[in-house]
Amino acid sequence: MNLDELLQTERQIWGNDKQALEHIVICMGKNYGDISAHARAKIEKGEFNATELKKELGNMVASTVRWIDDLGFDVQDCLDLALKSQKAYRQR
């Protein structure tokens, strides 16, 4: 699935209503907390639910594509900026 198909699927699921930045950040925090719970389980119990963790990581990717669009940004532009920044950081 390419980025355009992912965004189209997200819109089929969630519709065309756009979330504002403050709502997006709250949703990101919820997702981050869910991922953090798996890290905590690994620390405390020595194991975590891999299927649930994969779902949460997928939620973060899929939702972020939609959120970028919600804010009126181009997904590919955001990815290009992020990868350029990561590359520069890694080279330091």
# chains A, B, ... in the order shown; residues from 1 in each chain; ligands from 1
call {"tool": "residues_around", "arguments": {"residues": "Asp17 of chain A", "least_positions_apart": "2", "cutoff": "12 Å", "atoms": "only C-alpha atoms", "output": "ChimeraX atom specification"}}
result
/A:10-15,19-20,66-67,69-71
call {"tool": "residues_around", "arguments": {"residues": "Leu3 of chain A", "least_positions_apart": "3", "cutoff": "9 Å", "atoms": "only C-alpha atoms", "output": "list in words"}}
result
Leu6, Leu7, Gln8, Val65, Val75 and Gln76 of chain A
call {"tool": "select_by_dssp", "arguments": {"residues": "chain A", "states": "alpha helix (DSSP H)", "output": "CSV table (one decimal) with N, CA, C and O atoms, in the first residue's frame"}}
result
chain,number,residue,atom,x,y,z
A,3,LEU,N,1.4,5.6,0.0
A,3,LEU,CA,0.8,6.6,0.9
A,3,LEU,C,-0.5,7.1,0.5
A,3,LEU,O,-1.4,7.4,1.4
A,4,ASP,N,-0.7,7.3,-0.8
A,4,ASP,CA,-2.0,7.8,-1.3
A,4,ASP,C,-3.1,6.7,-0.9
A,4,ASP,O,-4.2,7.1,-0.5
A,5,GLU,N,-2.8,5.5,-1.1
A,5,GLU,CA,-3.8,4.4,-0.8
A,5,GLU,C,-4.1,4.4,0.7
A,5,GLU,O,-5.2,4.2,1.2
A,6,LEU,N,-3.0,4.6,1.5
A,6,LEU,CA,-3.2,4.6,3.0
A,6,LEU,C,-4.1,5.7,3.4
A,6,LEU,O,-5.0,5.6,4.2
A,7,LEU,N,-3.8,6.9,2.8
A,7,LEU,CA,-4.7,8.1,3.2
A,7,LEU,C,-6.1,7.8,2.7
A,7,LEU,O,-7.1,8.2,3.5
A,8,GLN,N,-6.3,7.3,1.6
A,8,GLN,CA,-7.7,7.0,1.1
A,8,GLN,C,-8.4,6.0,2.0
A,8,GLN,O,-9.5,6.2,2.4
A,9,THR,N,-7.7,5.0,2.5
A,9,THR,CA,-8.3,4.0,3.4
A,9,THR,C,-8.6,4.7,4.7
A,9,THR,O,-9.7,4.5,5.3
A,10,GLU,N,-7.7,5.5,5.2
A,10,GLU,CA,-8.0,6.3,6.5
A,10,GLU,C,-9.2,7.1,6.3
A,10,GLU,O,-10.0,7.2,7.2
A,11,ARG,N,-9.4,7.8,5.2
A,11,ARG,CA,-10.5,8.6,5.0
A,11,ARG,C,-11.8,7.8,4.9
A,11,ARG,O,-12.9,8.2,5.3
A,12,GLN,N,-11.7,6.6,4.3
A,12,GLN,CA,-12.9,5.7,4.3
A,12,GLN,C,-13.3,5.3,5.7
A,12,GLN,O,-14.5,5.2,6.0
A,13,ILE,N,-12.3,5.1,6.5
A,13,ILE,CA,-12.6,4.7,7.9
A,13,ILE,C,-13.1,5.9,8.7
A,13,ILE,O,-14.2,5.8,9.4
A,14,TRP,N,-12.5,7.0,8.7
A,14,TRP,CA,-12.7,8.1,9.6
A,14,TRP,C,-13.5,9.3,8.9
A,14,TRP,O,-13.9,10.2,9.7
A,21,LEU,N,-4.7,20.6,15.5
A,21,LEU,CA,-3.5,20.2,16.1
A,21,LEU,C,-3.6,19.7,17.6
A,21,LEU,O,-3.1,18.6,18.0
A,22,GLU,N,-4.4,20.4,18.4
A,22,GLU,CA,-4.6,20.0,19.8
A,22,GLU,C,-5.2,18.6,19.9
A,22,GLU,O,-4.9,17.8,20.8
A,23,HIS,N,-6.2,18.3,19.1
A,23,HIS,CA,-6.8,17.0,19.1
A,23,HIS,C,-5.8,15.9,18.6
A,23,HIS,O,-5.8,14.8,19.2
A,24,ILE,N,-5.1,16.2,17.6
A,24,ILE,CA,-4.1,15.3,17.1
A,24,ILE,C,-3.1,14.9,18.2
A,24,ILE,O,-2.7,13.7,18.4
A,25,VAL,N,-2.6,15.9,18.9
A,25,VAL,CA,-1.6,15.7,19.9
A,25,VAL,C,-2.2,14.8,21.0
A,25,VAL,O,-1.5,13.9,21.6
A,26,ILE,N,-3.4,15.0,21.4
A,26,ILE,CA,-4.0,14.1,22.4
A,26,ILE,C,-4.1,12.7,21.9
A,26,ILE,O,-3.8,11.8,22.7
A,27,CYS,N,-4.5,12.5,20.7
A,27,CYS,CA,-4.6,11.1,20.1
A,27,CYS,C,-3.2,10.5,20.1
A,27,CYS,O,-3.0,9.3,20.4
A,28,MET,N,-2.2,11.3,19.7
A,28,MET,CA,-0.8,10.8,19.7
A,28,MET,C,-0.4,10.3,21.1
A,28,MET,O,0.3,9.3,21.2
A,29,GLY,N,-0.7,11.1,22.0
A,29,GLY,CA,-0.4,10.8,23.4
A,29,GLY,C,-1.0,9.5,23.9
A,29,GLY,O,-0.4,8.7,24.5
A,30,LYS,N,-2.3,9.3,23.5
A,30,LYS,CA,-3.0,8.0,23.8
A,30,LYS,C,-2.3,6.9,23.2
A,30,LYS,O,-2.0,5.8,23.8
A,31,ASN,N,-1.9,7.0,21.9
A,31,ASN,CA,-1.2,5.9,21.2
A,31,ASN,C,0.2,5.7,21.8
A,31,ASN,O,0.5,4.5,22.0
A,32,TYR,N,0.9,6.7,22.1
A,32,TYR,CA,2.2,6.6,22.7
A,32,TYR,C,2.1,5.9,24.1
A,32,TYR,O,2.9,5.0,24.4
A,33,GLY,N,1.0,6.2,24.8
A,33,GLY,CA,0.8,5.5,26.1
A,33,GLY,C,0.5,4.1,25.9
A,33,GLY,O,1.0,3.2,26.7
A,34,ASP,N,-0.2,3.7,24.9
A,34,ASP,CA,-0.5,2.3,24.6
A,34,ASP,C,0.8,1.6,24.3
A,34,ASP,O,1.0,0.4,24.8
A,35,ILE,N,1.7,2.2,23.5
A,35,ILE,CA,3.0,1.6,23.2
A,35,ILE,C,3.8,1.5,24.4
A,35,ILE,O,4.5,0.5,24.7
A,36,SER,N,3.8,2.5,25.2
A,36,SER,CA,4.6,2.5,26.5
A,36,SER,C,4.1,1.4,27.4
A,36,SER,O,5.0,0.8,28.1
A,37,ALA,N,2.9,1.1,27.4
A,37,ALA,CA,2.4,0.0,28.3
A,37,ALA,C,3.0,-1.3,27.9
A,37,ALA,O,3.3,-2.2,28.8
A,38,HIS,N,3.3,-1.5,26.7
A,38,HIS,CA,4.0,-2.8,26.2
A,38,HIS,C,5.4,-2.8,26.7
A,38,HIS,O,6.0,-3.8,27.1
A,39,ALA,N,6.1,-1.6,26.7
A,39,ALA,CA,7.5,-1.5,27.2
A,39,ALA,C,7.5,-1.8,28.7
A,39,ALA,O,8.4,-2.5,29.2
A,40,ARG,N,6.5,-1.3,29.4
A,40,ARG,CA,6.4,-1.5,30.8
A,40,ARG,C,6.2,-3.0,31.1
A,40,ARG,O,6.8,-3.5,32.0
A,41,ALA,N,5.3,-3.6,30.3
A,41,ALA,CA,5.1,-5.0,30.5
A,41,ALA,C,6.3,-5.9,30.3
A,41,ALA,O,6.6,-6.8,31.0
A,42,LYS,N,7.1,-5.5,29.3
A,42,LYS,CA,8.4,-6.2,29.1
A,42,LYS,C,9.3,-6.0,30.3
A,42,LYS,O,10.0,-7.0,30.7
A,43,ILE,N,9.4,-4.8,30.8
A,43,ILE,CA,10.3,-4.6,32.0
A,43,ILE,C,9.8,-5.4,33.2
A,43,ILE,O,10.5,-6.0,33.9
A,44,GLU,N,8.5,-5.3,33.4
A,44,GLU,CA,7.9,-5.9,34.7
A,44,GLU,C,7.7,-7.4,34.6
A,44,GLU,O,7.8,-8.1,35.6
A,45,LYS,N,7.3,-7.8,33.4
A,45,LYS,CA,6.9,-9.2,33.3
A,45,LYS,C,7.9,-10.0,32.4
A,45,LYS,O,7.7,-11.2,32.3
A,50,ALA,N,3.0,-9.1,21.3
A,50,ALA,CA,3.6,-8.6,20.1
A,50,ALA,C,2.5,-8.2,19.1
A,50,ALA,O,2.7,-7.2,18.4
A,51,THR,N,1.4,-8.9,19.0
A,51,THR,CA,0.3,-8.6,18.1
A,51,THR,C,-0.2,-7.2,18.4
A,51,THR,O,-0.5,-6.4,17.6
A,52,GLU,N,-0.5,-7.0,19.7
A,52,GLU,CA,-1.0,-5.7,20.1
A,52,GLU,C,0.0,-4.5,19.9
A,52,GLU,O,-0.4,-3.5,19.5
A,53,LEU,N,1.3,-4.8,20.1
A,53,LEU,CA,2.3,-3.8,19.9
A,53,LEU,C,2.4,-3.5,18.4
A,53,LEU,O,2.4,-2.3,18.0
A,54,LYS,N,2.3,-4.5,17.5
A,54,LYS,CA,2.3,-4.2,16.1
A,54,LYS,C,1.1,-3.4,15.7
A,54,LYS,O,1.2,-2.5,14.9
A,55,LYS,N,0.0,-3.7,16.3
A,55,LYS,CA,-1.3,-2.9,16.0
A,55,LYS,C,-1.1,-1.5,16.4
A,55,LYS,O,-1.4,-0.6,15.6
A,56,GLU,N,-0.5,-1.2,17.5
A,56,GLU,CA,-0.3,0.1,18.0
A,56,GLU,C,0.7,0.9,17.2
A,56,GLU,O,0.5,2.1,16.9
A,57,LEU,N,1.8,0.2,16.8
A,57,LEU,CA,2.7,0.9,15.9
A,57,LEU,C,2.1,1.2,14.5
A,57,LEU,O,2.3,2.3,13.9
A,58,GLY,N,1.3,0.3,14.0
A,58,GLY,CA,0.6,0.5,12.8
A,58,GLY,C,-0.4,1.6,12.9
A,58,GLY,O,-0.6,2.5,12.0
A,59,ASN,N,-1.1,1.7,14.1
A,59,ASN,CA,-2.0,2.8,14.3
A,59,ASN,C,-1.3,4.2,14.2
A,59,ASN,O,-1.8,5.1,13.7
A,60,MET,N,-0.1,4.2,14.8
A,60,MET,CA,0.7,5.4,14.8
A,60,MET,C,1.0,5.9,13.4
A,60,MET,O,0.9,7.0,13.0
A,61,VAL,N,1.5,4.9,12.5
A,61,VAL,CA,1.8,5.2,11.2
A,61,VAL,C,0.6,5.7,10.4
A,61,VAL,O,0.6,6.7,9.7
A,62,ALA,N,-0.5,4.8,10.4
A,62,ALA,CA,-1.7,5.1,9.6
A,62,ALA,C,-2.3,6.4,10.0
A,62,ALA,O,-2.7,7.3,9.2
A,63,SER,N,-2.4,6.6,11.3
A,63,SER,CA,-3.1,7.9,11.8
A,63,SER,C,-2.2,9.1,11.5
A,63,SER,O,-2.8,10.1,11.2
A,64,THR,N,-0.9,9.0,11.6
A,64,THR,CA,-0.1,10.1,11.3
A,64,THR,C,-0.2,10.6,9.9
A,64,THR,O,-0.2,11.8,9.6
A,65,VAL,N,-0.3,9.7,9.0
A,65,VAL,CA,-0.6,10.1,7.6
A,65,VAL,C,-1.8,10.9,7.5
A,65,VAL,O,-1.9,11.9,6.8
A,66,ARG,N,-2.9,10.5,8.1
A,66,ARG,CA,-4.2,11.2,8.1
A,66,ARG,C,-4.0,12.5,8.8
A,66,ARG,O,-4.5,13.6,8.4
A,67,TRP,N,-3.3,12.6,9.9
A,67,TRP,CA,-3.1,13.8,10.7
A,67,TRP,C,-2.3,14.8,9.9
A,67,TRP,O,-2.6,16.0,9.9
A,68,ILE,N,-1.3,14.4,9.2
A,68,ILE,CA,-0.6,15.3,8.3
A,68,ILE,C,-1.5,16.0,7.3
A,68,ILE,O,-1.5,17.2,7.1
A,69,ASP,N,-2.4,15.2,6.7
A,69,ASP,CA,-3.3,15.7,5.8
A,69,ASP,C,-4.3,16.6,6.4
A,69,ASP,O,-4.7,17.6,5.9
A,70,ASP,N,-4.8,16.2,7.7
A,70,ASP,CA,-5.7,17.1,8.4
A,70,ASP,C,-5.2,18.5,8.6
A,70,ASP,O,-5.9,19.5,8.5
A,75,VAL,N,2.1,14.8,2.8
A,75,VAL,CA,2.7,13.7,3.5
A,75,VAL,C,4.1,13.5,3.0
A,75,VAL,O,5.1,13.3,3.8
A,76,GLN,N,4.3,13.4,1.7
A,76,GLN,CA,5.7,13.2,1.2
A,76,GLN,C,6.7,14.3,1.6
A,76,GLN,O,7.8,14.0,1.9
A,77,ASP,N,6.2,15.5,1.6
A,77,ASP,CA,7.1,16.6,2.0
A,77,ASP,C,7.5,16.4,3.5
A,77,ASP,O,8.7,16.6,3.8
A,78,CYS,N,6.6,16.0,4.3
A,78,CYS,CA,6.9,15.8,5.7
A,78,CYS,C,7.9,14.7,5.9
A,78,CYS,O,8.8,14.7,6.7
A,79,LEU,N,7.7,13.6,5.1
A,79,LEU,CA,8.6,12.5,5.2
A,79,LEU,C,10.0,12.9,4.7
A,79,LEU,O,11.0,12.5,5.3
A,80,ASP,N,10.1,13.6,3.6
A,80,ASP,CA,11.3,14.1,3.0
A,80,ASP,C,12.1,14.9,4.1
A,80,ASP,O,13.3,14.8,4.3
A,81,LEU,N,11.4,15.9,4.7
A,81,LEU,CA,12.0,16.7,5.8
A,81,LEU,C,12.5,15.8,6.9
A,81,LEU,O,13.6,16.1,7.4
A,82,ALA,N,11.7,14.9,7.3
A,82,ALA,CA,12.1,14.0,8.5
A,82,ALA,C,13.3,13.2,8.1
A,82,ALA,O,14.3,13.1,8.9
A,83,LEU,N,13.4,12.6,7.0
A,83,LEU,CA,14.5,11.7,6.6
A,83,LEU,C,15.8,12.6,6.4
A,83,LEU,O,16.9,12.1,6.7
A,84,LYS,N,15.6,13.8,5.8
A,84,LYS,CA,16.8,14.7,5.7
A,84,LYS,C,17.3,15.0,7.1
A,84,LYS,O,18.5,15.0,7.3
A,85,SER,N,16.4,15.3,8.0
A,85,SER,CA,16.9,15.6,9.4
A,85,SER,C,17.5,14.4,10.1
A,85,SER,O,18.6,14.6,10.7
A,86,GLN,N,16.9,13.3,9.9
A,86,GLN,CA,17.5,12.1,10.5
A,86,GLN,C,18.9,11.8,9.9
A,86,GLN,O,19.8,11.4,10.7
A,87,LYS,N,19.0,11.9,8.6
A,87,LYS,CA,20.3,11.7,8.0
A,87,LYS,C,21.4,12.7,8.5
A,87,LYS,O,22.5,12.3,8.8
A,88,ALA,N,21.0,13.9,8.6
A,88,ALA,CA,21.9,14.9,9.1
A,88,ALA,C,22.3,14.6,10.6
A,88,ALA,O,23.5,14.8,10.9
A,89,TYR,N,21.3,14.2,11.4
A,89,TYR,CA,21.6,13.9,12.8
A,89,TYR,C,22.6,12.7,12.9
A,89,TYR,O,23.5,12.7,13.6
A,90,ARG,N,22.3,11.7,12.1
A,90,ARG,CA,23.2,10.5,12.1
A,90,ARG,C,24.6,10.8,11.6
A,90,ARG,O,25.5,10.2,12.1
A,91,GLN,N,24.8,11.7,10.8
A,91,GLN,CA,26.1,12.1,10.2
A,91,GLN,C,26.9,12.9,11.2
A,91,GLN,O,28.1,13.1,11.0
call {"tool": "decode", "arguments": {"residues": "segment 5-82 of chain A", "atoms": "C-alpha atoms", "output": "tab-separated table (two decimals), in the first residue's frame"}}
result
chain	number	residue	atom	x	y	z
A	5	GLU	CA	-3.82	4.42	-0.78
A	6	LEU	CA	-3.20	4.58	2.96
A	7	LEU	CA	-4.68	8.07	3.18
A	8	GLN	CA	-7.66	7.00	1.09
A	9	THR	CA	-8.25	4.02	3.40
A	10	GLU	CA	-7.96	6.25	6.47
A	11	ARG	CA	-10.54	8.64	4.97
A	12	GLN	CA	-12.88	5.71	4.25
A	13	ILE	CA	-12.62	4.71	7.91
A	14	TRP	CA	-12.72	8.14	9.56
A	15	GLY	CA	-14.37	10.37	6.99
A	16	ASN	CA	-13.26	13.79	5.82
A	17	ASP	CA	-13.59	15.67	9.12
A	18	LYS	CA	-10.25	17.25	9.97
A	19	GLN	CA	-8.76	17.21	13.45
A	20	ALA	CA	-7.04	20.29	14.83
A	21	LEU	CA	-3.48	20.16	16.15
A	22	GLU	CA	-4.56	19.98	19.79
A	23	HIS	CA	-6.81	16.98	19.09
A	24	ILE	CA	-4.07	15.26	17.11
A	25	VAL	CA	-1.59	15.65	19.94
A	26	ILE	CA	-4.03	14.14	22.42
A	27	CYS	CA	-4.59	11.14	20.13
A	28	MET	CA	-0.83	10.76	19.65
A	29	GLY	CA	-0.40	10.80	23.42
A	30	LYS	CA	-2.97	8.04	23.80
A	31	ASN	CA	-1.22	5.93	21.19
A	32	TYR	CA	2.18	6.61	22.75
A	33	GLY	CA	0.78	5.55	26.12
A	34	ASP	CA	-0.49	2.30	24.64
A	35	ILE	CA	2.96	1.57	23.18
A	36	SER	CA	4.57	2.52	26.49
A	37	ALA	CA	2.38	0.00	28.29
A	38	HIS	CA	3.99	-2.76	26.23
A	39	ALA	CA	7.47	-1.51	27.16
A	40	ARG	CA	6.42	-1.50	30.81
A	41	ALA	CA	5.06	-5.05	30.51
A	42	LYS	CA	8.39	-6.17	29.07
A	43	ILE	CA	10.26	-4.57	31.96
A	44	GLU	CA	7.92	-5.86	34.66
A	45	LYS	CA	6.90	-9.25	33.26
A	46	GLY	CA	9.65	-9.93	30.76
A	47	GLU	CA	7.14	-10.16	27.92
A	48	PHE	CA	4.63	-8.17	25.94
A	49	ASN	CA	1.84	-8.87	23.46
A	50	ALA	CA	3.60	-8.63	20.09
A	51	THR	CA	0.34	-8.58	18.11
A	52	GLU	CA	-1.00	-5.66	20.13
A	53	LEU	CA	2.30	-3.79	19.87
A	54	LYS	CA	2.33	-4.25	16.09
A	55	LYS	CA	-1.25	-2.93	15.97
A	56	GLU	CA	-0.34	0.14	18.02
A	57	LEU	CA	2.73	0.88	15.87
A	58	GLY	CA	0.56	0.50	12.77
A	59	ASN	CA	-2.02	2.84	14.31
A	60	MET	CA	0.70	5.44	14.80
A	61	VAL	CA	1.82	5.22	11.16
A	62	ALA	CA	-1.66	5.14	9.61
A	63	SER	CA	-3.07	7.87	11.82
A	64	THR	CA	-0.05	10.11	11.33
A	65	VAL	CA	-0.57	10.05	7.56
A	66	ARG	CA	-4.16	11.20	8.11
A	67	TRP	CA	-3.14	13.82	10.68
A	68	ILE	CA	-0.57	15.31	8.32
A	69	ASP	CA	-3.33	15.69	5.76
A	70	ASP	CA	-5.70	17.08	8.40
A	71	LEU	CA	-3.23	19.89	9.01
A	72	GLY	CA	-3.02	20.65	5.29
A	73	PHE	CA	0.53	19.38	4.87
A	74	ASP	CA	1.83	17.12	2.12
A	75	VAL	CA	2.72	13.68	3.49
A	76	GLN	CA	5.67	13.18	1.16
A	77	ASP	CA	7.07	16.62	2.02
A	78	CYS	CA	6.88	15.79	5.74
A	79	LEU	CA	8.64	12.46	5.17
A	80	ASP	CA	11.33	14.09	3.05
A	81	LEU	CA	12.00	16.69	5.76
A	82	ALA	CA	12.10	14.01	8.46
